[in-house]
Amino acid sequence: MYYILHQHYESVLRLVKIVNPEKLNDFYSIFSNKEFLKLRPQDRLDFIRKTLPVPDSKHFTLDNFKKVAQQTVEEMKKYDITHIDLRLSLHLDRWKSVNNLAHAKEIYDDALIGYDGKSISYIAAIDLTKSEQEIEKSLVALFDKKNIDSISGIDITLNEDDFDKFEKYYKTLLKIRSKFKKKIIIHLGEFTSDLINLKILKKLKPDRVAHGIALLESAEAIEFIKKNGICLDMCPISNEILGVVNWGLINPIKKALSLGISVTINTDDPITFNTNIKKEIEIANLNQEELNVVIENGIKFAGKIF
Ligand SMILES: [Zn+2]
């Protein structure tokens, strides 16, 4: 019955879970490491990225990619998840035998056979932290018919100092909605600050914002989000581990709900953060009425199912 609108597909870590599961436990021990806990949120994420275990290249086979997809679908069954908006990369470089996003979608769709009523829609990752050359390569792939027909939207990530790149590319990205009727999602108000959040919101008018925690600190942003019916896809455990917000002290989901803002609960990178939807709901600490609203929002704001 749960709808997850923000989940990274994490094919590399999912492969670790298949071929070297013990390496994951070693990796999770960094979350209690004193040096790690001293870092700011963005630096914690960078630290995590540098520490993530990577399997030997020989394991990146088509067969194992199918197992990765199967693992996601089995989690859907285990945790009563009806739908996921799954964020996939346009470049599956390590997986030489997976040709493109459309091919990856085919494999996930095959994994869903036999799981009646469950669905996944695919969100293409657009990473503005990359070089202009790499971003342009992603844009070419994005507008390739095979890829664009396979997705229900895009999800943009950027850091504070990528605003110039945002200015350069956002009009091209807006075509995804005007011309192709897809959703626009952006990671905002997790690491980014008021200096750029509102400017980006106004230019992009996203359908949904991943995280959006810091947006709740700005009256103008709150007003804009309400007026434009933007949904905030929150991920409590990711926030806790990265030190973005202490959910025991501040509860951004309750705050958003009390302001009349649409909000959903999500797992972000479930393998990286060793989480699942049950743990997320526990931390969110909602009453039944609030939880029902969150579930309804998931149904309402989910990507179109293909
Ligand atoms: Zn995310």
# chains A, B, ... in the order shown; residues from 1 in each chain; ligands from 1
call {"tool": "closest_atom_pairs", "arguments": {"of": "range 148-245 of chain A", "to": "range 108-128 of chain A", "cutoff": "8 Å", "atoms": "only C-alpha atoms", "output": "tab-separated table"}}
result
residue	atom	partner	partner_atom	distance
A:Ser150	CA	A:Tyr122	CA	6.9
A:Ile151	CA	A:Tyr122	CA	4.7
A:Ser152	CA	A:Tyr122	CA	5.8
A:Gly153	CA	A:Ile123	CA	4.9
A:Ile154	CA	A:Ala124	CA	4.6
A:Asp155	CA	A:Ala125	CA	5.1
A:Ile156	CA	A:Ile126	CA	4.7
A:Thr157	CA	A:Asp127	CA	5.0
A:Leu158	CA	A:Leu128	CA	4.9
A:Asn159	CA	A:Leu128	CA	7.8
A:Asp162	CA	A:Leu128	CA	6.5
A:Lys165	CA	A:Leu128	CA	6.6
A:Phe166	CA	A:Leu128	CA	7.0
call {"tool": "select_by_dssp", "arguments": {"residues": "range 31-221 of chain A", "states": "strand (DSSP E or B)", "output": "number ranges by chain"}}
result
A: 81-88, 119-127, 153-157, 183-188, 208-211
call {"tool": "closest_residue", "arguments": {"among": "A:Arg14, A:Lys304, A:Lys145, A:Arg87", "to": "ligand 1", "atoms": "only C-alpha atoms and all ligand atoms"}}
result
A:Arg87
call {"tool": "closest_residue", "arguments": {"among": "A:Ala219, A:Ile4, A:Ala210, A:Leu249", "to": "ligand 1", "atoms": "only C-alpha atoms and all ligand atoms"}}
result
A:Ala210
call {"tool": "residues_near_ligand", "arguments": {"ligand": "ligand 1", "cutoff": "8 Å", "atoms": "only C-alpha atoms and all ligand atoms", "output": "list of chain:residue names"}}
result
A:His6, A:Gln7, A:His8, A:His187, A:Ala210, A:His211, A:Asp268, A:Asp269
call {"tool": "residues_around", "arguments": {"residues": "Gly212 in chain A", "least_positions_apart": "6", "cutoff": "12 Å", "atoms": "only C-alpha atoms", "output": "MDAnalysis selection string"}}
result
chainID A and resid 185:194 197:198 201 206 218 221:222 225 230:236 239 244:245 252:253 255:256 261:264
call {"tool": "write_last_selection", "arguments": {"atoms": "N, CA and C atoms", "output": "tab-separated table (two decimals), in the first residue's frame"}}
result
chain	number	residue	atom	x	y	z
A	185	ILE	N	11.45	16.89	-11.23
A	185	ILE	CA	11.74	16.76	-9.79
A	185	ILE	C	13.15	17.30	-9.58
A	186	ILE	N	13.39	17.94	-8.45
A	186	ILE	CA	14.74	18.43	-8.16
A	186	ILE	C	15.08	18.23	-6.69
A	187	HIS	N	16.33	17.84	-6.43
A	187	HIS	CA	16.83	17.78	-5.05
A	187	HIS	C	17.10	19.22	-4.61
A	188	LEU	N	16.39	19.65	-3.58
A	188	LEU	CA	16.54	21.04	-3.14
A	188	LEU	C	16.30	21.12	-1.63
A	189	GLY	N	17.01	22.07	-0.99
A	189	GLY	CA	16.77	22.27	0.43
A	189	GLY	C	17.24	21.09	1.28
A	190	GLU	N	18.19	20.34	0.74
A	190	GLU	CA	18.85	19.29	1.53
A	190	GLU	C	20.24	19.84	1.87
A	191	PHE	N	21.01	20.16	0.81
A	191	PHE	CA	22.33	20.80	1.01
A	191	PHE	C	22.30	22.24	0.51
A	192	THR	N	21.37	22.56	-0.35
A	192	THR	CA	21.34	23.91	-0.93
A	192	THR	C	20.69	24.89	0.03
A	193	SER	N	21.03	26.18	-0.12
A	193	SER	CA	20.57	27.18	0.84
A	193	SER	C	19.56	28.14	0.21
A	194	ASP	N	19.03	29.00	1.06
A	194	ASP	CA	18.08	30.04	0.64
A	194	ASP	C	18.60	30.87	-0.52
A	197	ASN	N	17.73	28.44	-3.47
A	197	ASN	CA	16.51	27.62	-3.46
A	197	ASN	C	15.32	28.30	-4.14
A	198	LEU	N	15.06	29.53	-3.72
A	198	LEU	CA	13.87	30.22	-4.22
A	198	LEU	C	13.99	30.57	-5.70
A	201	LEU	N	13.33	27.37	-7.55
A	201	LEU	CA	11.90	27.03	-7.49
A	201	LEU	C	11.10	27.83	-8.50
A	206	PRO	N	9.02	23.00	-10.17
A	206	PRO	CA	9.03	21.54	-10.23
A	206	PRO	C	7.70	20.94	-9.79
A	218	SER	N	11.59	29.15	4.93
A	218	SER	CA	11.36	30.40	4.22
A	218	SER	C	9.87	30.62	3.93
A	221	ALA	N	9.16	30.72	0.24
A	221	ALA	CA	9.21	29.38	-0.38
A	221	ALA	C	7.94	28.60	-0.04
A	222	ILE	N	7.52	28.67	1.22
A	222	ILE	CA	6.30	27.96	1.65
A	222	ILE	C	5.11	28.42	0.81
A	225	ILE	N	5.38	27.06	-2.78
A	225	ILE	CA	5.12	25.61	-2.83
A	225	ILE	C	3.62	25.33	-2.74
A	230	ILE	N	3.25	21.96	-5.14
A	230	ILE	CA	4.47	21.14	-5.25
A	230	ILE	C	4.52	20.16	-4.06
A	231	CYS	N	4.88	18.92	-4.36
A	231	CYS	CA	4.98	17.90	-3.30
A	231	CYS	C	6.43	17.77	-2.83
A	232	LEU	N	6.65	17.65	-1.53
A	232	LEU	CA	8.00	17.43	-0.98
A	232	LEU	C	8.16	15.95	-0.64
A	233	ASP	N	9.16	15.32	-1.25
A	233	ASP	CA	9.42	13.90	-1.01
A	233	ASP	C	10.52	13.77	0.04
A	234	MET	N	10.14	13.50	1.28
A	234	MET	CA	11.13	13.51	2.38
A	234	MET	C	11.68	12.12	2.68
A	235	CYS	N	12.91	12.12	3.22
A	235	CYS	CA	13.64	10.87	3.47
A	235	CYS	C	14.30	10.97	4.85
A	236	PRO	N	13.56	10.67	5.93
A	236	PRO	CA	14.07	10.92	7.29
A	236	PRO	C	15.41	10.27	7.62
A	239	ASN	N	18.38	11.90	6.08
A	239	ASN	CA	18.65	13.17	6.77
A	239	ASN	C	19.37	12.96	8.09
A	244	VAL	N	21.45	16.28	8.28
A	244	VAL	CA	20.70	17.41	7.70
A	244	VAL	C	19.71	17.95	8.72
A	245	VAL	N	19.06	17.04	9.42
A	245	VAL	CA	18.10	17.46	10.44
A	245	VAL	C	17.97	16.34	11.47
A	252	PRO	N	9.99	17.67	10.04
A	252	PRO	CA	9.58	18.43	8.84
A	252	PRO	C	8.31	17.90	8.17
A	253	ILE	N	8.02	16.62	8.33
A	253	ILE	CA	6.78	16.09	7.70
A	253	ILE	C	5.56	16.66	8.43
A	255	LYS	N	5.49	19.35	10.10
A	255	LYS	CA	5.46	20.79	9.83
A	255	LYS	C	4.81	21.04	8.46
A	256	ALA	N	5.25	20.29	7.44
A	256	ALA	CA	4.69	20.46	6.09
A	256	ALA	C	3.19	20.20	6.11
A	261	ILE	N	1.04	21.61	3.09
A	261	ILE	CA	1.92	21.26	1.97
A	261	ILE	C	1.89	19.74	1.77
A	262	SER	N	1.82	19.30	0.51
A	262	SER	CA	1.84	17.86	0.22
A	262	SER	C	3.23	17.30	0.49
A	263	VAL	N	3.27	16.15	1.15
A	263	VAL	CA	4.55	15.55	1.51
A	263	VAL	C	4.43	14.03	1.44
A	264	THR	N	5.53	13.36	1.07
A	264	THR	CA	5.55	11.89	1.07
A	264	THR	C	6.77	11.40	1.87
call {"tool": "atom_distance", "arguments": {"atom1": "CA of Gln70 in chain A", "atom2": "CA of Lys279 in chain A"}}
result
21.4 Å
call {"tool": "atom_distance", "arguments": {"atom1": "CA of Pro55 in chain A", "atom2": "CA of Val16 in chain A"}}
result
5.9 Å
call {"tool": "select_by_dssp", "arguments": {"residues": "range 13-127 of chain A", "states": "helix (DSSP H, G or I)", "output": "number ranges by chain"}}
result
A: 13-19, 21-32, 34-38, 41-51, 57-59, 62-78, 101-112
call {"tool": "residues_around", "arguments": {"residues": "Phe180 in chain A", "least_positions_apart": "4", "cutoff": "8 Å", "atoms": "only C-alpha atoms", "output": "VMD selection string"}}
result
chain A and resid 148 175 to 176
call {"tool": "write_last_selection", "arguments": {"atoms": "N, CA and C atoms", "output": "compact mmCIF listing (two decimals), in the first residue's frame"}}
result
# COMPACT_ATOMS: atom_id res chain seq x y z
N ILE A 148 13.38 8.62 -23.58
CA ILE A 148 12.30 9.53 -23.17
C ILE A 148 10.97 8.78 -23.09
N LYS A 175 11.66 21.49 -21.27
CA LYS A 175 11.00 20.84 -22.43
C LYS A 175 10.45 19.47 -22.07
N ILE A 176 11.08 18.85 -21.10
CA ILE A 176 10.66 17.51 -20.70
C ILE A 176 9.19 17.54 -20.25
call {"tool": "closest_residue", "arguments": {"among": "A:Tyr28, A:Phe47, A:Trp95, A:Tyr2", "to": "Glu75 in chain A", "atoms": "only C-alpha atoms"}}
result
A:Tyr2
call {"tool": "residues_around", "arguments": {"residues": "Asn20 in chain A", "least_positions_apart": "5", "cutoff": "12 Å", "atoms": "only C-alpha atoms", "output": "PDB file with C-alpha atoms, in the first residue's frame"}}
result
ATOM      1  CA  VAL A  12      26.372  -1.172  -7.550  1.00  0.00           C
ATOM      2  CA  LEU A  13      25.513  -1.539  -3.849  1.00  0.00           C
ATOM      3  CA  ARG A  14      22.724  -3.962  -4.650  1.00  0.00           C
ATOM      4  CA  LEU A  15      25.339  -6.020  -6.482  1.00  0.00           C
ATOM      5  CA  ASN A  25      28.273  -4.374   7.342  1.00  0.00           C
ATOM      6  CA  ASP A  26      31.838  -3.021   7.332  1.00  0.00           C
ATOM      7  CA  PHE A  27      30.593  -0.040   5.344  1.00  0.00           C
ATOM      8  CA  PRO A  53      32.326  -0.886  -1.596  1.00  0.00           C
ATOM      9  CA  VAL A  54      32.520  -1.671  -5.329  1.00  0.00           C
ATOM     10  CA  PRO A  55      32.453  -5.249  -6.621  1.00  0.00           C
ATOM     11  CA  ASP A  56      35.032  -6.584  -9.055  1.00  0.00           C
ATOM     12  CA  HIS A  59      30.439  -9.323 -11.468  1.00  0.00           C
TER      13      HIS A  59
END
call {"tool": "atom_distance", "arguments": {"atom1": "CA of Glu160 in chain A", "atom2": "CA of Asn246 in chain A"}}
result
21.7 Å
call {"tool": "closest_residue", "arguments": {"among": "A:Thr272, A:Thr72, A:Asn287, A:Asn228", "to": "Lys254 in chain A", "atoms": "only C-alpha atoms"}}
result
A:Asn287
call {"tool": "residues_around", "arguments": {"residues": "Leu174 in chain A", "least_positions_apart": "4", "cutoff": "8 Å", "atoms": "only C-alpha atoms", "output": "count of residues only"}}
result
4
call {"tool": "decode", "arguments": {"residues": "range 194-243 of chain A", "atoms": "N, CA and C atoms", "output": "PDB file, in the first residue's frame"}}
result
ATOM      1  N   ASP A 194      19.028  28.997   1.065  1.00  0.00           N
ATOM      2  CA  ASP A 194      18.080  30.039   0.641  1.00  0.00           C
ATOM      3  C   ASP A 194      18.598  30.873  -0.524  1.00  0.00           C
ATOM      4  N   LEU A 195      19.925  31.003  -0.612  1.00  0.00           N
ATOM      5  CA  LEU A 195      20.511  31.855  -1.653  1.00  0.00           C
ATOM      6  C   LEU A 195      20.073  31.425  -3.051  1.00  0.00           C
ATOM      7  N   ILE A 196      19.936  30.126  -3.248  1.00  0.00           N
ATOM      8  CA  ILE A 196      19.551  29.660  -4.593  1.00  0.00           C
ATOM      9  C   ILE A 196      18.199  28.938  -4.619  1.00  0.00           C
ATOM     10  N   ASN A 197      17.734  28.437  -3.472  1.00  0.00           N
ATOM     11  CA  ASN A 197      16.510  27.617  -3.463  1.00  0.00           C
ATOM     12  C   ASN A 197      15.324  28.302  -4.143  1.00  0.00           C
ATOM     13  N   LEU A 198      15.064  29.527  -3.725  1.00  0.00           N
ATOM     14  CA  LEU A 198      13.869  30.215  -4.221  1.00  0.00           C
ATOM     15  C   LEU A 198      13.989  30.574  -5.701  1.00  0.00           C
ATOM     16  N   LYS A 199      15.201  30.979  -6.103  1.00  0.00           N
ATOM     17  CA  LYS A 199      15.425  31.305  -7.521  1.00  0.00           C
ATOM     18  C   LYS A 199      15.145  30.077  -8.376  1.00  0.00           C
ATOM     19  N   ILE A 200      15.628  28.930  -7.923  1.00  0.00           N
ATOM     20  CA  ILE A 200      15.443  27.693  -8.684  1.00  0.00           C
ATOM     21  C   ILE A 200      13.964  27.295  -8.714  1.00  0.00           C
ATOM     22  N   LEU A 201      13.326  27.375  -7.551  1.00  0.00           N
ATOM     23  CA  LEU A 201      11.895  27.028  -7.486  1.00  0.00           C
ATOM     24  C   LEU A 201      11.096  27.833  -8.497  1.00  0.00           C
ATOM     25  N   LYS A 202      11.369  29.138  -8.535  1.00  0.00           N
ATOM     26  CA  LYS A 202      10.589  30.032  -9.411  1.00  0.00           C
ATOM     27  C   LYS A 202      10.843  29.759 -10.884  1.00  0.00           C
ATOM     28  N   LYS A 203      12.082  29.468 -11.226  1.00  0.00           N
ATOM     29  CA  LYS A 203      12.394  29.231 -12.646  1.00  0.00           C
ATOM     30  C   LYS A 203      11.878  27.871 -13.106  1.00  0.00           C
ATOM     31  N   LEU A 204      11.981  26.886 -12.249  1.00  0.00           N
ATOM     32  CA  LEU A 204      11.689  25.510 -12.667  1.00  0.00           C
ATOM     33  C   LEU A 204      10.242  25.096 -12.391  1.00  0.00           C
ATOM     34  N   LYS A 205       9.625  25.680 -11.377  1.00  0.00           N
ATOM     35  CA  LYS A 205       8.300  25.224 -10.913  1.00  0.00           C
ATOM     36  C   LYS A 205       8.213  23.698 -10.963  1.00  0.00           C
ATOM     37  N   PRO A 206       9.023  23.002 -10.168  1.00  0.00           N
ATOM     38  CA  PRO A 206       9.034  21.537 -10.233  1.00  0.00           C
ATOM     39  C   PRO A 206       7.700  20.941  -9.788  1.00  0.00           C
ATOM     40  N   ASP A 207       7.412  19.732 -10.243  1.00  0.00           N
ATOM     41  CA  ASP A 207       6.224  19.017  -9.775  1.00  0.00           C
ATOM     42  C   ASP A 207       6.439  18.537  -8.343  1.00  0.00           C
ATOM     43  N   ARG A 208       7.691  18.103  -8.097  1.00  0.00           N
ATOM     44  CA  ARG A 208       8.032  17.625  -6.762  1.00  0.00           C
ATOM     45  C   ARG A 208       9.448  18.060  -6.425  1.00  0.00           C
ATOM     46  N   VAL A 209       9.713  18.147  -5.106  1.00  0.00           N
ATOM     47  CA  VAL A 209      11.071  18.446  -4.640  1.00  0.00           C
ATOM     48  C   VAL A 209      11.525  17.283  -3.771  1.00  0.00           C
ATOM     49  N   ALA A 210      12.720  16.763  -4.046  1.00  0.00           N
ATOM     50  CA  ALA A 210      13.289  15.742  -3.179  1.00  0.00           C
ATOM     51  C   ALA A 210      13.843  16.441  -1.936  1.00  0.00           C
ATOM     52  N   HIS A 211      13.444  15.985  -0.777  1.00  0.00           N
ATOM     53  CA  HIS A 211      13.819  16.538   0.541  1.00  0.00           C
ATOM     54  C   HIS A 211      13.066  17.844   0.815  1.00  0.00           C
ATOM     55  N   GLY A 212      13.607  18.977   0.399  1.00  0.00           N
ATOM     56  CA  GLY A 212      12.911  20.257   0.586  1.00  0.00           C
ATOM     57  C   GLY A 212      12.872  20.759   2.026  1.00  0.00           C
ATOM     58  N   ILE A 213      13.662  20.133   2.906  1.00  0.00           N
ATOM     59  CA  ILE A 213      13.638  20.483   4.339  1.00  0.00           C
ATOM     60  C   ILE A 213      13.850  21.985   4.563  1.00  0.00           C
ATOM     61  N   ALA A 214      14.945  22.526   3.982  1.00  0.00           N
ATOM     62  CA  ALA A 214      15.295  23.930   4.240  1.00  0.00           C
ATOM     63  C   ALA A 214      14.263  24.894   3.659  1.00  0.00           C
ATOM     64  N   LEU A 215      13.464  24.424   2.695  1.00  0.00           N
ATOM     65  CA  LEU A 215      12.450  25.312   2.110  1.00  0.00           C
ATOM     66  C   LEU A 215      11.403  25.708   3.149  1.00  0.00           C
ATOM     67  N   LEU A 216      11.231  24.835   4.151  1.00  0.00           N
ATOM     68  CA  LEU A 216      10.222  25.112   5.179  1.00  0.00           C
ATOM     69  C   LEU A 216      10.648  26.224   6.129  1.00  0.00           C
ATOM     70  N   GLU A 217      11.888  26.703   5.969  1.00  0.00           N
ATOM     71  CA  GLU A 217      12.383  27.813   6.801  1.00  0.00           C
ATOM     72  C   GLU A 217      12.045  29.160   6.169  1.00  0.00           C
ATOM     73  N   SER A 218      11.589  29.146   4.925  1.00  0.00           N
ATOM     74  CA  SER A 218      11.359  30.405   4.215  1.00  0.00           C
ATOM     75  C   SER A 218       9.872  30.621   3.934  1.00  0.00           C
ATOM     76  N   ALA A 219       9.323  31.726   4.454  1.00  0.00           N
ATOM     77  CA  ALA A 219       7.890  32.019   4.259  1.00  0.00           C
ATOM     78  C   ALA A 219       7.572  32.140   2.771  1.00  0.00           C
ATOM     79  N   GLU A 220       8.487  32.748   2.023  1.00  0.00           N
ATOM     80  CA  GLU A 220       8.251  32.938   0.590  1.00  0.00           C
ATOM     81  C   GLU A 220       8.236  31.589  -0.149  1.00  0.00           C
ATOM     82  N   ALA A 221       9.158  30.716   0.238  1.00  0.00           N
ATOM     83  CA  ALA A 221       9.206  29.380  -0.385  1.00  0.00           C
ATOM     84  C   ALA A 221       7.940  28.599  -0.039  1.00  0.00           C
ATOM     85  N   ILE A 222       7.521  28.672   1.220  1.00  0.00           N
ATOM     86  CA  ILE A 222       6.301  27.963   1.653  1.00  0.00           C
ATOM     87  C   ILE A 222       5.108  28.421   0.813  1.00  0.00           C
ATOM     88  N   GLU A 223       5.001  29.733   0.649  1.00  0.00           N
ATOM     89  CA  GLU A 223       3.906  30.315  -0.130  1.00  0.00           C
ATOM     90  C   GLU A 223       3.934  29.799  -1.571  1.00  0.00           C
ATOM     91  N   PHE A 224       5.131  29.779  -2.148  1.00  0.00           N
ATOM     92  CA  PHE A 224       5.291  29.363  -3.543  1.00  0.00           C
ATOM     93  C   PHE A 224       4.935  27.870  -3.713  1.00  0.00           C
ATOM     94  N   ILE A 225       5.383  27.060  -2.776  1.00  0.00           N
ATOM     95  CA  ILE A 225       5.123  25.606  -2.828  1.00  0.00           C
ATOM     96  C   ILE A 225       3.620  25.331  -2.736  1.00  0.00           C
ATOM     97  N   LYS A 226       2.961  26.055  -1.829  1.00  0.00           N
ATOM     98  CA  LYS A 226       1.511  25.859  -1.661  1.00  0.00           C
ATOM     99  C   LYS A 226       0.751  26.302  -2.905  1.00  0.00           C
ATOM    100  N   LYS A 227       1.102  27.484  -3.399  1.00  0.00           N
ATOM    101  CA  LYS A 227       0.397  28.053  -4.541  1.00  0.00           C
ATOM    102  C   LYS A 227       0.530  27.162  -5.786  1.00  0.00           C
ATOM    103  N   ASN A 228       1.694  26.533  -5.930  1.00  0.00           N
ATOM    104  CA  ASN A 228       1.945  25.728  -7.127  1.00  0.00           C
ATOM    105  C   ASN A 228       1.730  24.225  -6.916  1.00  0.00           C
ATOM    106  N   GLY A 229       1.224  23.861  -5.741  1.00  0.00           N
ATOM    107  CA  GLY A 229       0.904  22.453  -5.480  1.00  0.00           C
ATOM    108  C   GLY A 229       2.092  21.521  -5.625  1.00  0.00           C
ATOM    109  N   ILE A 230       3.255  21.959  -5.141  1.00  0.00           N
ATOM    110  CA  ILE A 230       4.474  21.136  -5.245  1.00  0.00           C
ATOM    111  C   ILE A 230       4.525  20.158  -4.063  1.00  0.00           C
ATOM    112  N   CYS A 231       4.878  18.920  -4.357  1.00  0.00           N
ATOM    113  CA  CYS A 231       4.975  17.904  -3.298  1.00  0.00           C
ATOM    114  C   CYS A 231       6.430  17.767  -2.832  1.00  0.00           C
ATOM    115  N   LEU A 232       6.647  17.651  -1.528  1.00  0.00           N
ATOM    116  CA  LEU A 232       7.997  17.434  -0.982  1.00  0.00           C
ATOM    117  C   LEU A 232       8.164  15.946  -0.642  1.00  0.00           C
ATOM    118  N   ASP A 233       9.161  15.324  -1.248  1.00  0.00           N
ATOM    119  CA  ASP A 233       9.418  13.897  -1.005  1.00  0.00           C
ATOM    120  C   ASP A 233      10.524  13.772   0.042  1.00  0.00           C
ATOM    121  N   MET A 234      10.135  13.501   1.284  1.00  0.00           N
ATOM    122  CA  MET A 234      11.126  13.511   2.376  1.00  0.00           C
ATOM    123  C   MET A 234      11.683  12.119   2.681  1.00  0.00           C
ATOM    124  N   CYS A 235      12.907  12.118   3.218  1.00  0.00           N
ATOM    125  CA  CYS A 235      13.635  10.871   3.472  1.00  0.00           C
ATOM    126  C   CYS A 235      14.297  10.974   4.851  1.00  0.00           C
ATOM    127  N   PRO A 236      13.562  10.666   5.930  1.00  0.00           N
ATOM    128  CA  PRO A 236      14.069  10.919   7.286  1.00  0.00           C
ATOM    129  C   PRO A 236      15.414  10.268   7.619  1.00  0.00           C
ATOM    130  N   ILE A 237      15.597   9.001   7.299  1.00  0.00           N
ATOM    131  CA  ILE A 237      16.826   8.321   7.752  1.00  0.00           C
ATOM    132  C   ILE A 237      18.057   8.851   7.018  1.00  0.00           C
ATOM    133  N   SER A 238      17.913   9.145   5.741  1.00  0.00           N
ATOM    134  CA  SER A 238      19.003   9.786   4.999  1.00  0.00           C
ATOM    135  C   SER A 238      19.384  11.104   5.686  1.00  0.00           C
ATOM    136  N   ASN A 239      18.384  11.902   6.076  1.00  0.00           N
ATOM    137  CA  ASN A 239      18.645  13.174   6.769  1.00  0.00           C
ATOM    138  C   ASN A 239      19.371  12.958   8.093  1.00  0.00           C
ATOM    139  N   GLU A 240      18.942  11.937   8.835  1.00  0.00           N
ATOM    140  CA  GLU A 240      19.554  11.645  10.137  1.00  0.00           C
ATOM    141  C   GLU A 240      21.031  11.280   9.969  1.00  0.00           C
ATOM    142  N   ILE A 241      21.298  10.376   9.020  1.00  0.00           N
ATOM    143  CA  ILE A 241      22.671   9.886   8.842  1.00  0.00           C
ATOM    144  C   ILE A 241      23.584  10.991   8.315  1.00  0.00           C
ATOM    145  N   LEU A 242      23.050  11.826   7.426  1.00  0.00           N
ATOM    146  CA  LEU A 242      23.885  12.905   6.871  1.00  0.00           C
ATOM    147  C   LEU A 242      23.916  14.137   7.792  1.00  0.00           C
ATOM    148  N   GLY A 243      23.089  14.119   8.842  1.00  0.00           N
ATOM    149  CA  GLY A 243      23.080  15.252   9.778  1.00  0.00           C
ATOM    150  C   GLY A 243      22.366  16.482   9.220  1.00  0.00           C
TER     151      GLY A 243
END
